[in-house]
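Novice: Provided herewith: input_15.txt, compact mmCIF, C-alpha atoms.
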```txt
# COMPACT_ATOMS: atom_id res chain seq x y z
CA MET A 1 -13.39 -43.67 -49.28
CA ARG A 2 -10.97 -42.22 -46.77
CA VAL A 3 -11.39 -41.72 -43.03
CA ASN A 4 -8.82 -39.92 -40.86
CA VAL A 5 -8.52 -41.25 -37.32
CA ILE A 6 -7.05 -39.49 -34.28
CA SER A 7 -6.80 -40.06 -30.55
CA ASP A 8 -5.38 -38.29 -27.50
CA VAL A 9 -5.91 -34.74 -28.72
CA HIS A 10 -5.13 -33.27 -25.28
CA GLY A 11 -5.84 -29.65 -26.15
CA ASN A 12 -4.27 -29.55 -29.64
CA ALA A 13 -7.01 -27.45 -31.23
CA LYS A 14 -4.69 -25.95 -33.85
CA ASP A 15 -3.93 -29.25 -35.56
CA LEU A 16 -7.43 -30.59 -34.88
CA ALA A 17 -8.85 -27.98 -37.25
CA ARG A 18 -6.86 -29.62 -40.09
CA ALA A 19 -7.24 -33.25 -39.00
CA GLY A 20 -10.00 -33.99 -41.50
CA ASP A 21 -8.24 -32.50 -44.53
CA GLY A 22 -8.45 -34.77 -47.56
CA ALA A 23 -10.79 -37.25 -45.85
CA ASP A 24 -14.49 -38.02 -46.19
CA ALA A 25 -14.87 -38.18 -42.39
CA LEU A 26 -12.91 -37.79 -39.16
CA ILE A 27 -12.96 -40.29 -36.29
CA CYS A 28 -11.79 -39.18 -32.85
CA LEU A 29 -11.09 -41.80 -30.19
CA GLY A 30 -11.14 -39.48 -27.22
CA ASP A 31 -9.02 -37.71 -24.63
CA LEU A 32 -9.76 -34.17 -25.76
CA VAL A 33 -8.94 -32.64 -22.39
CA LEU A 34 -5.45 -31.63 -21.28
CA PHE A 35 -5.08 -31.88 -17.51
CA LEU A 36 -1.30 -32.10 -17.51
CA ASP A 37 1.23 -32.41 -20.32
CA TYR A 38 3.89 -34.90 -19.20
CA ALA A 39 6.29 -33.56 -21.85
CA ASP A 40 5.71 -29.87 -21.06
CA HIS A 41 4.66 -29.39 -17.43
CA SER A 42 3.62 -25.78 -18.08
CA ARG A 43 0.61 -26.87 -20.14
CA GLY A 44 -2.77 -28.00 -18.86
CA ILE A 45 -5.36 -27.44 -16.17
CA PHE A 46 -3.10 -28.56 -13.31
CA PRO A 47 -0.23 -26.08 -13.88
CA ASP A 48 -2.72 -23.30 -14.64
CA LEU A 49 -4.14 -23.80 -11.15
CA PHE A 50 -1.08 -24.81 -9.12
CA GLY A 51 2.03 -23.73 -11.05
CA VAL A 52 4.80 -25.53 -12.88
CA ASP A 53 6.78 -26.50 -9.76
CA ASN A 54 3.85 -28.48 -8.40
CA ALA A 55 3.27 -29.97 -11.84
CA ASP A 56 6.91 -31.13 -11.87
CA LEU A 57 6.42 -32.73 -8.47
CA ILE A 58 3.18 -34.56 -9.25
CA VAL A 59 4.63 -35.93 -12.50
CA GLU A 60 7.64 -37.19 -10.55
CA LEU A 61 5.39 -38.92 -8.01
CA ARG A 62 3.10 -40.48 -10.61
CA THR A 63 6.00 -41.64 -12.77
CA ALA A 64 7.47 -43.34 -9.71
CA ARG A 65 4.02 -44.91 -9.12
CA ARG A 66 3.80 -43.20 -5.73
CA PHE A 67 0.09 -42.63 -6.26
CA ASP A 68 -0.87 -42.20 -2.60
CA GLU A 69 1.67 -39.39 -2.24
CA ALA A 70 0.46 -37.81 -5.47
CA ARG A 71 -3.14 -37.86 -4.21
CA GLU A 72 -2.06 -36.36 -0.89
CA LEU A 73 -0.26 -33.57 -2.74
CA GLY A 74 -3.41 -32.93 -4.74
CA ARG A 75 -5.55 -32.75 -1.60
CA ARG A 76 -3.13 -30.30 0.01
CA LEU A 77 -3.00 -28.05 -3.05
CA TRP A 78 -6.78 -27.93 -3.39
CA GLY A 79 -7.06 -27.09 0.31
CA GLU A 80 -4.63 -24.22 -0.06
CA LEU A 81 -6.39 -22.91 -3.17
CA ARG A 82 -9.75 -22.80 -1.37
CA LEU A 83 -11.74 -23.43 -4.53
CA ASP A 84 -14.43 -26.01 -5.11
CA ARG A 85 -12.56 -28.71 -7.00
CA GLU A 86 -15.38 -29.92 -9.23
CA SER A 87 -16.43 -26.39 -10.22
CA ALA A 88 -12.87 -25.28 -11.00
CA ILE A 89 -12.13 -28.34 -13.12
CA GLU A 90 -15.46 -28.16 -14.92
CA SER A 91 -14.91 -24.50 -15.80
CA ALA A 92 -11.47 -25.28 -17.21
CA VAL A 93 -12.75 -28.30 -19.16
CA ARG A 94 -15.60 -26.26 -20.59
CA ARG A 95 -13.14 -23.70 -21.96
CA GLN A 96 -11.18 -26.47 -23.67
CA TYR A 97 -14.28 -28.22 -25.01
CA ALA A 98 -15.64 -24.99 -26.50
CA GLU A 99 -12.46 -24.58 -28.56
CA LEU A 100 -11.97 -28.24 -29.44
CA PHE A 101 -15.50 -29.11 -30.51
CA ALA A 102 -15.58 -25.96 -32.65
CA ALA A 103 -12.52 -27.32 -34.51
CA PHE A 104 -14.14 -30.65 -35.47
CA PRO A 105 -14.94 -30.88 -39.20
CA ALA A 106 -18.20 -32.36 -40.47
CA PRO A 107 -18.72 -35.23 -40.38
CA THR A 108 -16.90 -36.31 -37.22
CA TYR A 109 -17.58 -39.51 -35.29
CA ALA A 110 -16.24 -39.36 -31.74
CA THR A 111 -16.08 -41.40 -28.56
CA TYR A 112 -14.80 -40.61 -25.06
CA GLY A 113 -11.35 -41.10 -23.63
CA ASN A 114 -10.58 -41.82 -19.99
CA VAL A 115 -9.83 -38.15 -19.20
CA ASP A 116 -13.00 -36.83 -20.82
CA ILE A 117 -16.22 -35.83 -19.07
CA PRO A 118 -19.08 -37.38 -21.09
CA ALA A 119 -21.84 -35.40 -19.36
CA LEU A 120 -20.56 -32.19 -20.96
CA TRP A 121 -20.28 -33.43 -24.53
CA PRO A 122 -23.94 -32.88 -25.55
CA GLU A 123 -23.52 -29.16 -24.83
CA TYR A 124 -20.60 -28.79 -27.24
CA ALA A 125 -21.12 -31.39 -29.99
CA ARG A 126 -22.41 -29.41 -32.96
CA PRO A 127 -24.41 -30.68 -35.94
CA GLY A 128 -22.04 -32.86 -37.94
CA THR A 129 -20.43 -34.41 -34.85
CA THR A 130 -21.85 -37.80 -33.87
CA VAL A 131 -20.94 -39.12 -30.40
CA LEU A 132 -20.98 -42.91 -30.07
CA ASP A 133 -20.29 -45.23 -27.12
CA GLY A 134 -21.35 -48.87 -27.18
CA GLU A 135 -22.90 -48.08 -30.55
CA ARG A 136 -22.26 -48.66 -34.24
CA VAL A 137 -22.57 -46.64 -37.43
CA GLU A 138 -22.13 -47.26 -41.15
CA ILE A 139 -19.51 -45.19 -42.96
CA GLY A 140 -18.95 -45.78 -46.66
CA GLY A 141 -20.39 -49.26 -46.56
CA LEU A 142 -18.36 -50.45 -43.55
CA THR A 143 -19.74 -50.89 -40.04
CA PHE A 144 -17.80 -49.10 -37.30
CA GLY A 145 -18.31 -49.87 -33.60
CA PHE A 146 -17.27 -47.47 -30.83
CA VAL A 147 -16.31 -48.17 -27.21
CA GLY A 148 -15.40 -45.13 -25.11
CA GLY A 149 -13.64 -44.58 -21.80
CA GLY A 150 -11.01 -46.49 -19.89
CA LEU A 151 -10.81 -49.10 -17.15
CA ARG A 152 -10.18 -48.34 -13.49
CA THR A 153 -6.60 -47.52 -12.49
CA PRO A 154 -4.75 -45.92 -9.55
CA MET A 155 -4.71 -42.68 -11.59
CA ARG A 156 -8.49 -42.31 -11.09
CA THR A 157 -9.07 -40.31 -14.26
CA PRO A 158 -12.59 -38.95 -14.86
CA PHE A 159 -14.08 -41.61 -17.14
CA GLU A 160 -12.89 -44.96 -15.82
CA ILE A 161 -15.50 -47.72 -15.61
CA SER A 162 -15.65 -51.31 -14.39
CA ASP A 163 -14.51 -54.22 -16.54
CA GLU A 164 -18.10 -55.48 -16.56
CA GLU A 165 -19.56 -52.22 -17.84
CA TYR A 166 -16.88 -51.98 -20.50
CA ALA A 167 -17.48 -55.56 -21.63
CA ALA A 168 -21.22 -54.89 -21.89
CA LYS A 169 -20.58 -52.05 -24.33
CA ILE A 170 -18.44 -54.33 -26.49
CA GLU A 171 -21.19 -56.96 -26.42
CA ALA A 172 -23.77 -54.38 -27.48
CA ILE A 173 -21.75 -53.54 -30.59
CA GLY A 174 -21.58 -57.09 -31.92
CA GLU A 175 -19.76 -57.87 -35.15
CA VAL A 176 -18.31 -54.88 -37.00
CA ASP A 177 -15.82 -54.23 -39.77
CA VAL A 178 -13.84 -51.69 -37.73
CA LEU A 179 -13.74 -51.75 -33.92
CA CYS A 180 -12.87 -48.33 -32.49
CA SER A 181 -11.92 -47.82 -28.84
CA HIS A 182 -9.90 -45.43 -26.74
CA ILE A 183 -7.87 -48.09 -24.95
CA PRO A 184 -6.10 -51.02 -26.65
CA PRO A 185 -6.77 -54.71 -26.29
CA GLU A 186 -4.84 -56.33 -23.43
CA VAL A 187 -1.66 -57.25 -25.29
CA PRO A 188 1.68 -56.38 -23.63
CA GLU A 189 3.27 -54.97 -26.79
CA LEU A 190 0.30 -52.64 -27.30
CA THR A 191 -0.13 -51.50 -23.69
CA TYR A 192 3.49 -50.78 -22.69
CA ASP A 193 4.53 -47.11 -22.81
CA THR A 194 8.26 -46.90 -23.51
CA VAL A 195 8.67 -43.38 -22.11
CA ALA A 196 6.51 -43.70 -18.99
CA ARG A 197 8.03 -47.20 -18.56
CA ARG A 198 4.82 -48.79 -17.47
CA PHE A 199 1.94 -50.87 -18.77
CA GLU A 200 -1.28 -48.95 -19.33
CA ARG A 201 -4.56 -50.80 -18.88
CA GLY A 202 -5.88 -52.62 -21.91
CA SER A 203 -9.08 -54.61 -22.14
CA HIS A 204 -9.31 -58.41 -22.02
CA ALA A 205 -12.90 -58.14 -23.27
CA LEU A 206 -11.71 -56.15 -26.26
CA LEU A 207 -9.08 -58.77 -27.05
CA ALA A 208 -11.66 -61.55 -26.75
CA ALA A 209 -14.05 -59.70 -29.09
CA ILE A 210 -11.29 -59.24 -31.67
CA ARG A 211 -10.53 -62.96 -31.60
CA ARG A 212 -14.22 -63.91 -31.68
CA THR A 213 -15.65 -61.48 -34.25
CA ARG A 214 -12.54 -60.89 -36.41
CA PRO A 215 -13.05 -57.27 -37.49
CA ARG A 216 -10.88 -56.00 -40.33
CA TYR A 217 -9.35 -53.36 -38.06
CA ALA A 218 -9.18 -52.54 -34.37
CA LEU A 219 -8.24 -48.87 -33.88
CA PHE A 220 -7.30 -47.23 -30.56
CA GLY A 221 -4.98 -44.76 -28.82
CA HIS A 222 -4.36 -44.13 -25.09
CA VAL A 223 -0.76 -45.41 -25.00
CA HIS A 224 1.25 -42.39 -26.10
CA GLN A 225 4.58 -44.10 -26.87
CA PRO A 226 3.73 -47.79 -27.41
CA LEU A 227 6.32 -50.51 -27.73
CA VAL A 228 4.49 -51.59 -30.88
CA ASP A 229 2.00 -49.36 -32.67
CA ARG A 230 0.66 -51.97 -35.07
CA MET A 231 0.25 -55.74 -34.99
CA ARG A 232 -2.05 -58.43 -36.33
CA ILE A 233 -4.27 -60.56 -34.10
CA GLY A 234 -5.62 -63.33 -36.30
CA ALA A 235 -7.45 -61.65 -39.19
CA THR A 236 -7.50 -58.23 -37.48
CA GLU A 237 -5.03 -55.41 -38.02
CA CYS A 238 -4.64 -53.63 -34.66
CA VAL A 239 -3.44 -50.03 -34.93
CA ASN A 240 -2.54 -47.40 -32.36
CA VAL A 241 -3.49 -44.32 -34.40
CA GLY A 242 -0.97 -42.12 -32.59
CA HIS A 243 -0.60 -39.43 -29.95
CA PHE A 244 -2.25 -36.56 -31.82
CA ALA A 245 -1.33 -34.00 -29.17
CA SER A 246 2.34 -34.33 -30.08
CA THR A 247 2.26 -35.40 -33.74
CA GLY A 248 -0.64 -33.32 -35.03
CA ARG A 249 -1.13 -35.96 -37.73
CA PRO A 250 -4.09 -38.33 -38.25
CA TRP A 251 -3.86 -41.96 -39.27
CA SER A 252 -5.78 -42.69 -42.47
CA LEU A 253 -7.92 -45.67 -43.39
CA GLN A 254 -8.80 -46.01 -47.09
CA TRP A 255 -11.02 -48.49 -48.90
```
Starting from the coordinates I provided, produce the structure as structure tokens.
Specialist:
Amino acid sequence: MRVNVISDVHGNAKDLARAGDGADALICLGDLVLFLDYADHSRGIFPDLFGVDNADLIVELRTARRFDEARELGRRLWGELRLDRESAIESAVRRQYAELFAAFPAPTYATYGNVDIPALWPEYARPGTTVLDGERVEIGGLTFGFVGGGLRTPMRTPFEISDEEYAAKIEAIGEVDVLCSHIPPEVPELTYDTVARRFERGSHALLAAIRRTRPRYALFGHVHQPLVDRMRIGATECVNVGHFASTGRPWSLQW
């Protein structure tokens, strides 16, 4: 049995169409949407609306952790554009989702990332794509649990939830063979991004569940350039499956 696992697709529909090649199933750990490509500021919803120069500026502010100034820039740009923010973003996300969900092979098991909009997924998930969040499923005799979304940060991305709500989803899953989440457990080596030069938010509840329930694997993404992409916590192999938007390659689990 072989399962290919990806995360942080961020608009890479071309490679997504081949992500399941050679596997019995595909697992996607979220972040389908591309709001802004930090490596190429000309790509994404933000530069499409406001231009590359403003994308350069907002990346500079966010990288310097000047989040209040970045939010003020955003408010000014939306005011100048004179468009309803929610409608404009939703329209752009819908265009991306239409292309991305059409590229998923069957079967695909998917959960949300922090930049996704869960309310739209039922409209685009076709037969053969199973969306799971705080739920479990059996694949090839192993039990997989899925926890979607991210925790609250100054970035205020679309699907950030409270620590309590996130922990409740982990509790609902219980003991599994493979624990799948968008964000990593709260371990410094797994949460530090070496290019952004900052710690992303990991989950203490996720770390506690790994230590308590001892799954064979804990799979996640979210941190695009981690200090460490693989480490063992007790009996569990923890793996950052990679930044699919840039690599175009899945990580494979075989048993």
Novice: Compile the contact shell of Ala172 (chain A) as a VMD selection string: residues with an atom at most 10 Å away, counting all atoms listed in the file, same-chain residues fewer than 6 positions apart removed.
Specialist: chain A and resid 133 to 136 145 147
Novice: Ranking A:Asp193, A:Glu138, A:Asp8, A:Asp37 by minimum distance to Tyr109 (chain A) and counting only C-alpha atoms, which one comes first?
Specialist: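 That would be A:Glu138, the residue with the smallest distance to Tyr109 (chain A).
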Novice: Would you kindly return, as a list in words, each protein, DNA or RNA residue with an atom no farther than 12 Å from any atom of Asn12 (chain A), considering all atoms listed in the file and excluding same-chain residues fewer than 4 positions away?
Specialist: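 Result of the neighbour search: Ile6, Ser7, Asp8, Leu16, Ala17, Arg18, Ala19, Asp31, Leu32, Val33, Leu34, Asp37, Arg43, Gly44, Gln96, Tyr97, Glu99, Leu100, Phe101, Ala103, Phe104, His243, Phe244, Ala245, Ser246, Thr247, Gly248 and Arg249 of chain A.
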Novice: Could you tell me how far CA of Cys238 (chain A) lies from CA of Asp24 (chain A), in Å and to one decimal?
Specialist: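 These atoms are spaced 21.8 Å apart.
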Novice: Residues at most 8 Å from region 204-208 of chain A, counting only C-alpha atoms, excluding those fewer than 6 positions away in the same chain, as a PDB file with C-alpha atoms, keeping the file's coordinate frame?
Specialist:
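After the write, selection_6.pdb holds the following:
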```
ATOM      1  CA  ASP A 163     -14.510 -54.220 -16.540  1.00  0.00           C
ATOM      2  CA  TYR A 166     -16.880 -51.980 -20.500  1.00  0.00           C
ATOM      3  CA  ALA A 167     -17.480 -55.560 -21.630  1.00  0.00           C
ATOM      4  CA  ILE A 170     -18.440 -54.330 -26.490  1.00  0.00           C
ATOM      5  CA  PRO A 184      -6.100 -51.020 -26.650  1.00  0.00           C
ATOM      6  CA  PRO A 185      -6.770 -54.710 -26.290  1.00  0.00           C
ATOM      7  CA  GLU A 186      -4.840 -56.330 -23.430  1.00  0.00           C
ATOM      8  CA  VAL A 187      -1.660 -57.250 -25.290  1.00  0.00           C
TER       9      VAL A 187
END
```
Novice: Taking all atoms listed in the file into account, which of A:Thr194, A:Thr130, A:Asn4, A:Thr143 comes nearest Tyr112 (chain A)?
Specialist: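 The shortest atom-to-atom distance to Tyr112 (chain A) comes from A:Thr130.
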Novice: Quick one, how far is CA of Gly234 (chain A) from CA of Met1 (chain A)?
Specialist: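 It comes out at 24.8 Å.
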Novice: In Å, rounded to a single decimal, give me how far CA of Arg71 (chain A) is from CA of Gly148 (chain A).
Specialist: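 That distance, rounded to one decimal, is 25.3 Å.
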Novice: I'd like the neighbourhood of Gly128 (chain A) as a count of residues only, where a residue qualifies if any of its atoms comes within 7 Å (using all atoms listed in the file), though same-chain residues fewer than 6 positions away should be ignored.
Specialist: 3
Novice: Pick the closest to Val52 (chain A) from A:Ile183, A:Ile161, A:Leu36, A:Val223: which is it, counting only C-alpha atoms?
Specialist: A:Leu36
Novice: Can you give me all heavy atoms for region 57-68 of chain A, written as an mmCIF file, in the coordinates of the input?
Specialist:
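result-v6.cif, freshly written:
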```
data_model
loop_
_atom_site.group_PDB
_atom_site.id
_atom_site.type_symbol
_atom_site.label_atom_id
_atom_site.label_comp_id
_atom_site.auth_asym_id
_atom_site.auth_seq_id
_atom_site.Cartn_x
_atom_site.Cartn_y
_atom_site.Cartn_z
ATOM 1 N N LEU A 57 6.425 -31.808 -9.607
ATOM 2 C CA LEU A 57 6.420 -32.730 -8.470
ATOM 3 C C LEU A 57 5.400 -33.845 -8.666
ATOM 4 O O LEU A 57 5.705 -35.025 -8.415
ATOM 5 C CB LEU A 57 6.127 -31.963 -7.175
ATOM 6 C CG LEU A 57 6.069 -32.792 -5.890
ATOM 7 C CD1 LEU A 57 7.347 -33.602 -5.702
ATOM 8 C CD2 LEU A 57 5.821 -31.872 -4.688
ATOM 9 N N ILE A 58 4.201 -33.509 -9.124
ATOM 10 C CA ILE A 58 3.180 -34.560 -9.250
ATOM 11 C C ILE A 58 3.527 -35.520 -10.385
ATOM 12 O O ILE A 58 3.254 -36.725 -10.287
ATOM 13 C CB ILE A 58 1.773 -33.950 -9.422
ATOM 14 C CG1 ILE A 58 0.721 -34.987 -8.974
ATOM 15 C CG2 ILE A 58 1.500 -33.503 -10.845
ATOM 16 C CD1 ILE A 58 -0.627 -34.401 -8.658
ATOM 17 N N VAL A 59 4.169 -35.031 -11.439
ATOM 18 C CA VAL A 59 4.630 -35.930 -12.500
ATOM 19 C C VAL A 59 5.693 -36.879 -11.955
ATOM 20 O O VAL A 59 5.691 -38.081 -12.249
ATOM 21 C CB VAL A 59 5.169 -35.128 -13.700
ATOM 22 C CG1 VAL A 59 5.906 -36.059 -14.675
ATOM 23 C CG2 VAL A 59 4.027 -34.426 -14.424
ATOM 24 N N GLU A 60 6.601 -36.345 -11.153
ATOM 25 C CA GLU A 60 7.640 -37.190 -10.550
ATOM 26 C C GLU A 60 7.027 -38.292 -9.695
ATOM 27 O O GLU A 60 7.435 -39.455 -9.771
ATOM 28 C CB GLU A 60 8.567 -36.321 -9.698
ATOM 29 C CG GLU A 60 9.666 -37.090 -8.985
ATOM 30 C CD GLU A 60 10.511 -36.215 -8.084
ATOM 31 O OE1 GLU A 60 10.475 -34.979 -8.248
ATOM 32 O OE2 GLU A 60 11.200 -36.753 -7.195
ATOM 33 N N LEU A 61 6.032 -37.938 -8.882
ATOM 34 C CA LEU A 61 5.390 -38.920 -8.010
ATOM 35 C C LEU A 61 4.631 -39.973 -8.822
ATOM 36 O O LEU A 61 4.717 -41.172 -8.547
ATOM 37 C CB LEU A 61 4.449 -38.225 -7.035
ATOM 38 C CG LEU A 61 5.110 -37.335 -5.983
ATOM 39 C CD1 LEU A 61 4.054 -36.554 -5.203
ATOM 40 C CD2 LEU A 61 5.956 -38.166 -5.028
ATOM 41 N N ARG A 62 3.876 -39.527 -9.810
ATOM 42 C CA ARG A 62 3.100 -40.480 -10.610
ATOM 43 C C ARG A 62 4.006 -41.388 -11.426
ATOM 44 O O ARG A 62 3.735 -42.584 -11.558
ATOM 45 C CB ARG A 62 2.147 -39.721 -11.538
ATOM 46 C CG ARG A 62 0.970 -39.079 -10.824
ATOM 47 C CD ARG A 62 0.111 -38.299 -11.799
ATOM 48 N NE ARG A 62 -1.090 -37.757 -11.182
ATOM 49 C CZ ARG A 62 -1.974 -36.988 -11.817
ATOM 50 N NH1 ARG A 62 -1.772 -36.684 -13.095
ATOM 51 N NH2 ARG A 62 -3.035 -36.528 -11.180
ATOM 52 N N THR A 63 5.079 -40.835 -11.982
ATOM 53 C CA THR A 63 6.000 -41.640 -12.770
ATOM 54 C C THR A 63 6.659 -42.714 -11.913
ATOM 55 O O THR A 63 6.912 -43.834 -12.374
ATOM 56 C CB THR A 63 7.076 -40.743 -13.420
ATOM 57 O OG1 THR A 63 6.430 -39.756 -14.235
ATOM 58 C CG2 THR A 63 8.019 -41.559 -14.295
ATOM 59 N N ALA A 64 6.903 -42.377 -10.646
ATOM 60 C CA ALA A 64 7.470 -43.340 -9.710
ATOM 61 C C ALA A 64 6.410 -44.267 -9.119
ATOM 62 O O ALA A 64 6.731 -45.091 -8.251
ATOM 63 C CB ALA A 64 8.211 -42.609 -8.592
ATOM 64 N N ARG A 65 5.164 -44.102 -9.581
ATOM 65 C CA ARG A 65 4.020 -44.910 -9.120
ATOM 66 C C ARG A 65 3.772 -44.715 -7.622
ATOM 67 O O ARG A 65 3.257 -45.600 -6.943
ATOM 68 C CB ARG A 65 4.208 -46.393 -9.460
ATOM 69 C CG ARG A 65 4.449 -46.646 -10.938
ATOM 70 C CD ARG A 65 4.481 -48.120 -11.305
ATOM 71 N NE ARG A 65 3.169 -48.741 -11.149
ATOM 72 C CZ ARG A 65 2.191 -48.657 -12.046
ATOM 73 N NH1 ARG A 65 2.348 -47.961 -13.161
ATOM 74 N NH2 ARG A 65 1.041 -49.277 -11.842
ATOM 75 N N ARG A 66 4.076 -43.542 -7.129
ATOM 76 C CA ARG A 66 3.800 -43.200 -5.730
ATOM 77 C C ARG A 66 2.451 -42.467 -5.702
ATOM 78 O O ARG A 66 2.350 -41.289 -5.405
ATOM 79 C CB ARG A 66 4.933 -42.339 -5.174
ATOM 80 C CG ARG A 66 6.258 -43.095 -5.086
ATOM 81 C CD ARG A 66 7.480 -42.198 -5.092
ATOM 82 N NE ARG A 66 7.505 -41.257 -3.969
ATOM 83 C CZ ARG A 66 8.436 -40.302 -3.845
ATOM 84 N NH1 ARG A 66 9.391 -40.180 -4.762
ATOM 85 N NH2 ARG A 66 8.412 -39.484 -2.809
ATOM 86 N N PHE A 67 1.405 -43.234 -6.038
ATOM 87 C CA PHE A 67 0.090 -42.630 -6.260
ATOM 88 C C PHE A 67 -0.531 -42.071 -4.990
ATOM 89 O O PHE A 67 -1.222 -41.046 -5.021
ATOM 90 C CB PHE A 67 -0.843 -43.645 -6.924
ATOM 91 C CG PHE A 67 -0.393 -44.082 -8.284
ATOM 92 C CD1 PHE A 67 -0.023 -45.408 -8.527
ATOM 93 C CD2 PHE A 67 -0.335 -43.181 -9.338
ATOM 94 C CE1 PHE A 67 0.387 -45.819 -9.783
ATOM 95 C CE2 PHE A 67 0.070 -43.584 -10.602
ATOM 96 C CZ PHE A 67 0.441 -44.903 -10.814
ATOM 97 N N ASP A 68 -0.312 -42.710 -3.852
ATOM 98 C CA ASP A 68 -0.870 -42.200 -2.600
ATOM 99 C C ASP A 68 -0.274 -40.829 -2.276
ATOM 100 O O ASP A 68 -0.996 -39.912 -1.852
ATOM 101 C CB ASP A 68 -0.594 -43.176 -1.456
ATOM 102 C CG ASP A 68 -1.436 -44.443 -1.563
ATOM 103 O OD1 ASP A 68 -2.465 -44.403 -2.268
ATOM 104 O OD2 ASP A 68 -1.059 -45.463 -0.954
#
```
